[in-house]
Amino acid sequence: MKTAFWFRRDLRVYGNEALIDAVNEGAQDALFFYCKSQWLQHNVASIQLDLLERRLIELGKQLNEFGITLHIIEADRFATLPALLENVCKEKGITRLYANKEYEVNEIARDDACSQRLELKLYDGDVIAKPGTVLTGSGEMFKVFTPFKKAWLKCFAGQHFHFPSWPLDKRKQAEFAEPDFFSATMESEKWPVDDNAIVAIVNRFIKDKLTDYKEDRDFPAIKGTSGLSPYLALGVVSPKQLIAQIQLHYPEVLENPSKAEFCWSMRSYGVSFIGT
């Protein structure tokens, strides 16, 4: 049984538990389906598409260093993916795919159709609280934020987040082949896409700006926000990674919701952070 990993909006190597499990099962191939028509229908901005393309190239090079080949496959819409995925997997001898869940309507329908054609193991790897975890006493979703926040905190009180270590050492590989259908507009060039630069952005915000975020966030003259939204949107960093990093500096952040650093955590992570 040959295993591979299917990237979606989780374009990271480290802190990606589904990818790590796939690698531990012997995965040497990863797939990404470039569905531009579908994304344009959902009004994805051209600058985000450019950032996506640049990150995919960086990700492909990074995976290549570990002996994993990223196959970026041009597709149309999600409705065409089940048949395309089946053909690609047959061609490469892949019988099982690992991936992180996406929760939107089109994405759920896509995964349901794909799972009827081959084994698809899905993870809740891009949220902290699995959807449906935090409910009212009668088992329904909350309609008011404050009691929801209290219930969420009760679920994770005392928990410190960490990740399994990356299991592979670097090894020499052939050069990563960039897709010839990318636009390469460079609209997003002000946003770095390599891991070292992104880690520096995260650390700088947590160390230098986090405690003042509540006061500085609404003043345009002050660069008080994190600058991480583009990376969260593509899963280059995950909410779990960020809360783990914050806990390194502020271990009791989840036990002290009145503190300034907690304000950014709840405001910025939104649904990805708190689940539904």
# chains A, B, ... in the order shown; residues from 1 in each chain; ligands from 1
>>> residues_around(residues="range 55-66 of chain A", least_positions_apart="5", cutoff="10 Å", atoms="only C-alpha atoms", output="PyMOL selection string")
chain A and resi 7+11-13+28-30+32+49-50+71-72+167-179+182+192-195+231+234+236
>>> write_last_selection(atoms="C-alpha atoms", output="mmCIF file, in the first residue's frame")
data_model
loop_
_atom_site.group_PDB
_atom_site.id
_atom_site.type_symbol
_atom_site.label_atom_id
_atom_site.label_comp_id
_atom_site.auth_asym_id
_atom_site.auth_seq_id
_atom_site.Cartn_x
_atom_site.Cartn_y
_atom_site.Cartn_z
ATOM 1 C CA PHE A 7 -1.713 19.488 0.598
ATOM 2 C CA LEU A 11 1.381 24.628 3.217
ATOM 3 C CA ARG A 12 3.921 23.785 5.891
ATOM 4 C CA VAL A 13 6.276 20.940 6.711
ATOM 5 C CA GLN A 28 7.554 10.009 -0.717
ATOM 6 C CA ASP A 29 4.977 11.855 -2.822
ATOM 7 C CA ALA A 30 2.793 14.861 -2.050
ATOM 8 C CA PHE A 32 -1.408 19.805 -4.593
ATOM 9 C CA LEU A 49 -2.818 33.508 -5.662
ATOM 10 C CA ASP A 50 0.652 34.928 -6.195
ATOM 11 C CA HIS A 71 3.385 17.212 -7.621
ATOM 12 C CA ILE A 72 1.494 20.437 -8.405
ATOM 13 C CA PRO A 167 11.130 12.380 11.238
ATOM 14 C CA LEU A 168 13.432 12.809 8.216
ATOM 15 C CA ASP A 169 16.997 13.979 7.697
ATOM 16 C CA LYS A 170 17.943 15.992 4.649
ATOM 17 C CA ARG A 171 19.273 14.145 1.618
ATOM 18 C CA LYS A 172 20.375 15.267 -1.803
ATOM 19 C CA GLN A 173 17.635 15.306 -4.441
ATOM 20 C CA ALA A 174 17.139 16.500 -8.001
ATOM 21 C CA GLU A 175 15.951 20.084 -8.470
ATOM 22 C CA PHE A 176 12.283 20.829 -7.911
ATOM 23 C CA ALA A 177 10.496 21.463 -11.208
ATOM 24 C CA GLU A 178 8.391 24.623 -11.044
ATOM 25 C CA PRO A 179 5.005 24.445 -12.810
ATOM 26 C CA PHE A 182 2.014 29.768 -12.621
ATOM 27 C CA PRO A 192 8.522 36.416 2.427
ATOM 28 C CA VAL A 193 7.720 32.745 1.908
ATOM 29 C CA ASP A 194 10.741 30.952 3.392
ATOM 30 C CA ASP A 195 10.395 29.404 6.825
ATOM 31 C CA TYR A 231 0.221 32.957 6.308
ATOM 32 C CA LEU A 234 -2.698 29.457 3.467
ATOM 33 C CA VAL A 236 1.930 28.323 6.211
#
>>> closest_residue(among="A:Ala157, A:Gly227, A:Asp212, A:Ala151", to="Ala200 in chain A", atoms="only C-alpha atoms")
A:Gly227
>>> residues_around(residues="Lys121 in chain A", least_positions_apart="3", cutoff="9 Å", atoms="only C-alpha atoms", output="list of chain:residue names")
A:Ala18, A:Arg96, A:Leu97, A:Tyr98, A:Ala99, A:Asn100, A:Ser115
>>> write_last_selection(atoms="all heavy atoms", output="PDB file, in the first residue's frame")
ATOM      1  N   ALA A  18      -0.575  15.605  10.152  1.00  0.00           N
ATOM      2  CA  ALA A  18      -1.033  14.679   9.112  1.00  0.00           C
ATOM      3  C   ALA A  18       0.105  14.332   8.165  1.00  0.00           C
ATOM      4  O   ALA A  18       0.271  13.170   7.762  1.00  0.00           O
ATOM      5  CB  ALA A  18      -2.204  15.289   8.340  1.00  0.00           C
ATOM      6  N   ARG A  96      -3.427   5.280  -0.793  1.00  0.00           N
ATOM      7  CA  ARG A  96      -3.920   5.902   0.433  1.00  0.00           C
ATOM      8  C   ARG A  96      -3.387   7.321   0.524  1.00  0.00           C
ATOM      9  O   ARG A  96      -2.202   7.563   0.290  1.00  0.00           O
ATOM     10  CB  ARG A  96      -3.488   5.093   1.656  1.00  0.00           C
ATOM     11  CG  ARG A  96      -3.926   5.689   2.982  1.00  0.00           C
ATOM     12  CD  ARG A  96      -3.662   4.737   4.138  1.00  0.00           C
ATOM     13  NE  ARG A  96      -2.252   4.372   4.197  1.00  0.00           N
ATOM     14  CZ  ARG A  96      -1.760   3.432   5.008  1.00  0.00           C
ATOM     15  NH1 ARG A  96      -2.580   2.749   5.794  1.00  0.00           N
ATOM     16  NH2 ARG A  96      -0.468   3.161   5.015  1.00  0.00           N
ATOM     17  N   LEU A  97      -4.273   8.265   0.879  1.00  0.00           N
ATOM     18  CA  LEU A  97      -3.896   9.666   1.010  1.00  0.00           C
ATOM     19  C   LEU A  97      -4.169  10.167   2.419  1.00  0.00           C
ATOM     20  O   LEU A  97      -5.198   9.850   3.014  1.00  0.00           O
ATOM     21  CB  LEU A  97      -4.695  10.529   0.025  1.00  0.00           C
ATOM     22  CG  LEU A  97      -4.241  10.549  -1.438  1.00  0.00           C
ATOM     23  CD1 LEU A  97      -5.263  11.310  -2.274  1.00  0.00           C
ATOM     24  CD2 LEU A  97      -2.867  11.180  -1.581  1.00  0.00           C
ATOM     25  N   TYR A  98      -3.235  10.952   2.946  1.00  0.00           N
ATOM     26  CA  TYR A  98      -3.431  11.673   4.195  1.00  0.00           C
ATOM     27  C   TYR A  98      -3.642  13.148   3.849  1.00  0.00           C
ATOM     28  O   TYR A  98      -3.010  13.671   2.935  1.00  0.00           O
ATOM     29  CB  TYR A  98      -2.204  11.558   5.097  1.00  0.00           C
ATOM     30  CG  TYR A  98      -2.048  10.233   5.810  1.00  0.00           C
ATOM     31  CD1 TYR A  98      -1.865   9.044   5.105  1.00  0.00           C
ATOM     32  CD2 TYR A  98      -2.056  10.169   7.196  1.00  0.00           C
ATOM     33  CE1 TYR A  98      -1.705   7.832   5.760  1.00  0.00           C
ATOM     34  CE2 TYR A  98      -1.895   8.960   7.875  1.00  0.00           C
ATOM     35  CZ  TYR A  98      -1.721   7.809   7.145  1.00  0.00           C
ATOM     36  OH  TYR A  98      -1.571   6.608   7.800  1.00  0.00           O
ATOM     37  N   ALA A  99      -4.527  13.819   4.606  1.00  0.00           N
ATOM     38  CA  ALA A  99      -4.790  15.230   4.349  1.00  0.00           C
ATOM     39  C   ALA A  99      -5.434  15.864   5.574  1.00  0.00           C
ATOM     40  O   ALA A  99      -5.944  15.167   6.456  1.00  0.00           O
ATOM     41  CB  ALA A  99      -5.701  15.401   3.131  1.00  0.00           C
ATOM     42  N   ASN A 100      -5.402  17.195   5.607  1.00  0.00           N
ATOM     43  CA  ASN A 100      -6.110  17.941   6.638  1.00  0.00           C
ATOM     44  C   ASN A 100      -7.471  18.381   6.112  1.00  0.00           C
ATOM     45  O   ASN A 100      -7.615  18.763   4.953  1.00  0.00           O
ATOM     46  CB  ASN A 100      -5.293  19.174   7.058  1.00  0.00           C
ATOM     47  CG  ASN A 100      -4.139  18.805   7.962  1.00  0.00           C
ATOM     48  OD1 ASN A 100      -4.322  18.192   9.016  1.00  0.00           O
ATOM     49  ND2 ASN A 100      -2.925  19.153   7.550  1.00  0.00           N
ATOM     50  N   SER A 115     -13.338  10.219  -1.280  1.00  0.00           N
ATOM     51  CA  SER A 115     -13.209   9.086  -0.359  1.00  0.00           C
ATOM     52  C   SER A 115     -13.931   7.838  -0.868  1.00  0.00           C
ATOM     53  O   SER A 115     -13.694   6.741  -0.370  1.00  0.00           O
ATOM     54  CB  SER A 115     -13.738   9.462   1.020  1.00  0.00           C
ATOM     55  OG  SER A 115     -15.123   9.749   0.974  1.00  0.00           O
TER      56      SER A 115
END
>>> select_by_dssp(residues="range 1-87 of chain A", states="alpha helix (DSSP H)", output="ChimeraX atom specification")
/A:17-24,36-41,46-64,81-87
>>> residues_around(residues="Lys36 in chain A", least_positions_apart="5", cutoff="8 Å", atoms="only C-alpha atoms", output="number ranges by chain")
A: 75-77
>>> closest_residue(among="A:Leu51, A:Leu248, A:Ala22, A:Ile243", to="Val127 in chain A", atoms="only C-alpha atoms")
A:Ile243
>>> closest_residue(among="A:Phe219, A:Tyr250, A:Phe5, A:Tyr34", to="Cys89 in chain A", atoms="only C-alpha atoms")
A:Phe5
>>> closest_residue(among="A:Leu232, A:Ala83, A:Val253, A:Val237", to="Tyr14 in chain A", atoms="only C-alpha atoms")
A:Val237
>>> atom_distance(atom1="CA of Ile222 in chain A", atom2="CA of Lys149 in chain A")
28.5 Å
>>> decode(residues="range 121-167 of chain A", atoms="N, CA and C atoms", output="compact mmCIF listing (two decimals), in the first residue's frame")
# COMPACT_ATOMS: atom_id res chain seq x y z
N LYS A 121 -7.53 9.57 4.54
CA LYS A 121 -7.47 9.73 5.99
C LYS A 121 -7.36 11.22 6.30
N LEU A 122 -8.39 11.76 6.95
CA LEU A 122 -8.47 13.19 7.18
C LEU A 122 -8.22 13.55 8.64
N TYR A 123 -7.51 14.66 8.84
CA TYR A 123 -7.17 15.16 10.17
C TYR A 123 -7.79 16.54 10.40
N ASP A 124 -8.06 16.85 11.66
CA ASP A 124 -8.46 18.21 12.04
C ASP A 124 -7.21 18.99 12.44
N GLY A 125 -6.28 19.12 11.51
CA GLY A 125 -4.96 19.64 11.84
C GLY A 125 -4.81 21.14 11.76
N ASP A 126 -5.83 21.84 11.26
CA ASP A 126 -5.71 23.28 11.10
C ASP A 126 -6.57 24.06 12.09
N VAL A 127 -7.09 23.38 13.09
CA VAL A 127 -7.85 24.04 14.15
C VAL A 127 -7.35 23.52 15.49
N ILE A 128 -7.61 24.26 16.53
CA ILE A 128 -7.26 23.79 17.87
C ILE A 128 -8.39 22.95 18.44
N ALA A 129 -9.61 23.47 18.38
CA ALA A 129 -10.77 22.73 18.84
C ALA A 129 -11.48 22.13 17.63
N LYS A 130 -11.56 20.84 17.57
CA LYS A 130 -12.26 20.16 16.48
C LYS A 130 -13.70 20.66 16.42
N PRO A 131 -14.22 21.00 15.24
CA PRO A 131 -15.61 21.46 15.14
C PRO A 131 -16.57 20.50 15.84
N GLY A 132 -17.45 21.07 16.63
CA GLY A 132 -18.39 20.27 17.39
C GLY A 132 -17.91 19.94 18.79
N THR A 133 -16.68 20.35 19.12
CA THR A 133 -16.13 20.05 20.44
C THR A 133 -16.74 20.92 21.53
N VAL A 134 -16.89 22.22 21.23
CA VAL A 134 -17.36 23.18 22.23
C VAL A 134 -18.83 23.46 21.98
N LEU A 135 -19.69 22.88 22.80
CA LEU A 135 -21.14 23.00 22.64
C LEU A 135 -21.80 23.43 23.95
N THR A 136 -23.04 23.86 23.84
CA THR A 136 -23.79 24.21 25.05
C THR A 136 -24.14 22.95 25.83
N GLY A 137 -24.70 23.13 27.03
CA GLY A 137 -25.08 21.99 27.84
C GLY A 137 -26.11 21.10 27.17
N SER A 138 -26.89 21.68 26.24
CA SER A 138 -27.89 20.89 25.51
C SER A 138 -27.35 20.33 24.20
N GLY A 139 -26.03 20.47 23.99
CA GLY A 139 -25.41 19.88 22.81
C GLY A 139 -25.56 20.69 21.54
N GLU A 140 -25.89 21.98 21.66
CA GLU A 140 -26.04 22.85 20.50
C GLU A 140 -24.87 23.82 20.41
N MET A 141 -24.75 24.48 19.24
CA MET A 141 -23.71 25.47 19.07
C MET A 141 -24.05 26.74 19.83
N PHE A 142 -23.04 27.43 20.33
CA PHE A 142 -23.25 28.69 21.02
C PHE A 142 -23.69 29.77 20.03
N LYS A 143 -24.51 30.69 20.50
CA LYS A 143 -24.95 31.83 19.70
C LYS A 143 -24.38 33.14 20.23
N VAL A 144 -23.80 33.11 21.43
CA VAL A 144 -23.21 34.29 22.05
C VAL A 144 -21.74 34.00 22.34
N PHE A 145 -20.87 34.98 22.04
CA PHE A 145 -19.43 34.71 22.10
C PHE A 145 -18.92 34.48 23.52
N THR A 146 -19.33 35.33 24.49
CA THR A 146 -18.73 35.25 25.83
C THR A 146 -18.89 33.88 26.48
N PRO A 147 -20.09 33.29 26.52
CA PRO A 147 -20.18 31.94 27.10
C PRO A 147 -19.43 30.90 26.27
N PHE A 148 -19.36 31.13 24.96
CA PHE A 148 -18.58 30.22 24.13
C PHE A 148 -17.10 30.28 24.50
N LYS A 149 -16.58 31.49 24.66
CA LYS A 149 -15.18 31.65 25.04
C LYS A 149 -14.89 30.95 26.37
N LYS A 150 -15.80 31.11 27.34
CA LYS A 150 -15.60 30.48 28.65
C LYS A 150 -15.59 28.96 28.53
N ALA A 151 -16.48 28.42 27.71
CA ALA A 151 -16.52 26.97 27.51
C ALA A 151 -15.28 26.48 26.79
N TRP A 152 -14.81 27.27 25.82
CA TRP A 152 -13.60 26.89 25.10
C TRP A 152 -12.41 26.86 26.05
N LEU A 153 -12.29 27.89 26.87
CA LEU A 153 -11.17 27.95 27.81
C LEU A 153 -11.22 26.79 28.81
N LYS A 154 -12.42 26.42 29.20
CA LYS A 154 -12.57 25.29 30.13
C LYS A 154 -12.03 24.01 29.51
N CYS A 155 -12.23 23.85 28.21
CA CYS A 155 -11.75 22.65 27.50
C CYS A 155 -10.23 22.57 27.49
N PHE A 156 -9.57 23.74 27.43
CA PHE A 156 -8.12 23.74 27.22
C PHE A 156 -7.34 24.31 28.40
N ALA A 157 -7.99 24.50 29.51
CA ALA A 157 -7.30 25.00 30.70
C ALA A 157 -6.18 24.04 31.09
N GLY A 158 -5.00 24.59 31.29
CA GLY A 158 -3.86 23.78 31.71
C GLY A 158 -3.17 23.02 30.60
N GLN A 159 -3.66 23.11 29.37
CA GLN A 159 -3.04 22.36 28.27
C GLN A 159 -1.92 23.17 27.64
N HIS A 160 -0.80 22.51 27.41
CA HIS A 160 0.32 23.15 26.72
C HIS A 160 0.55 22.40 25.41
N PHE A 161 0.59 23.15 24.33
CA PHE A 161 0.62 22.56 23.00
C PHE A 161 2.05 22.29 22.54
N HIS A 162 2.22 21.17 21.87
CA HIS A 162 3.51 20.81 21.31
C HIS A 162 3.26 19.92 20.09
N PHE A 163 4.32 19.62 19.36
CA PHE A 163 4.19 18.87 18.11
C PHE A 163 5.21 17.74 18.06
N PRO A 164 4.88 16.67 17.33
CA PRO A 164 5.89 15.63 17.10
C PRO A 164 7.02 16.18 16.24
N SER A 165 8.20 15.64 16.45
CA SER A 165 9.35 16.12 15.69
C SER A 165 9.30 15.61 14.25
N TRP A 166 9.92 16.35 13.37
CA TRP A 166 9.99 15.96 11.96
C TRP A 166 10.89 14.72 11.84
N PRO A 167 10.43 13.67 11.16
CA PRO A 167 11.13 12.38 11.24
C PRO A 167 12.26 12.16 10.24
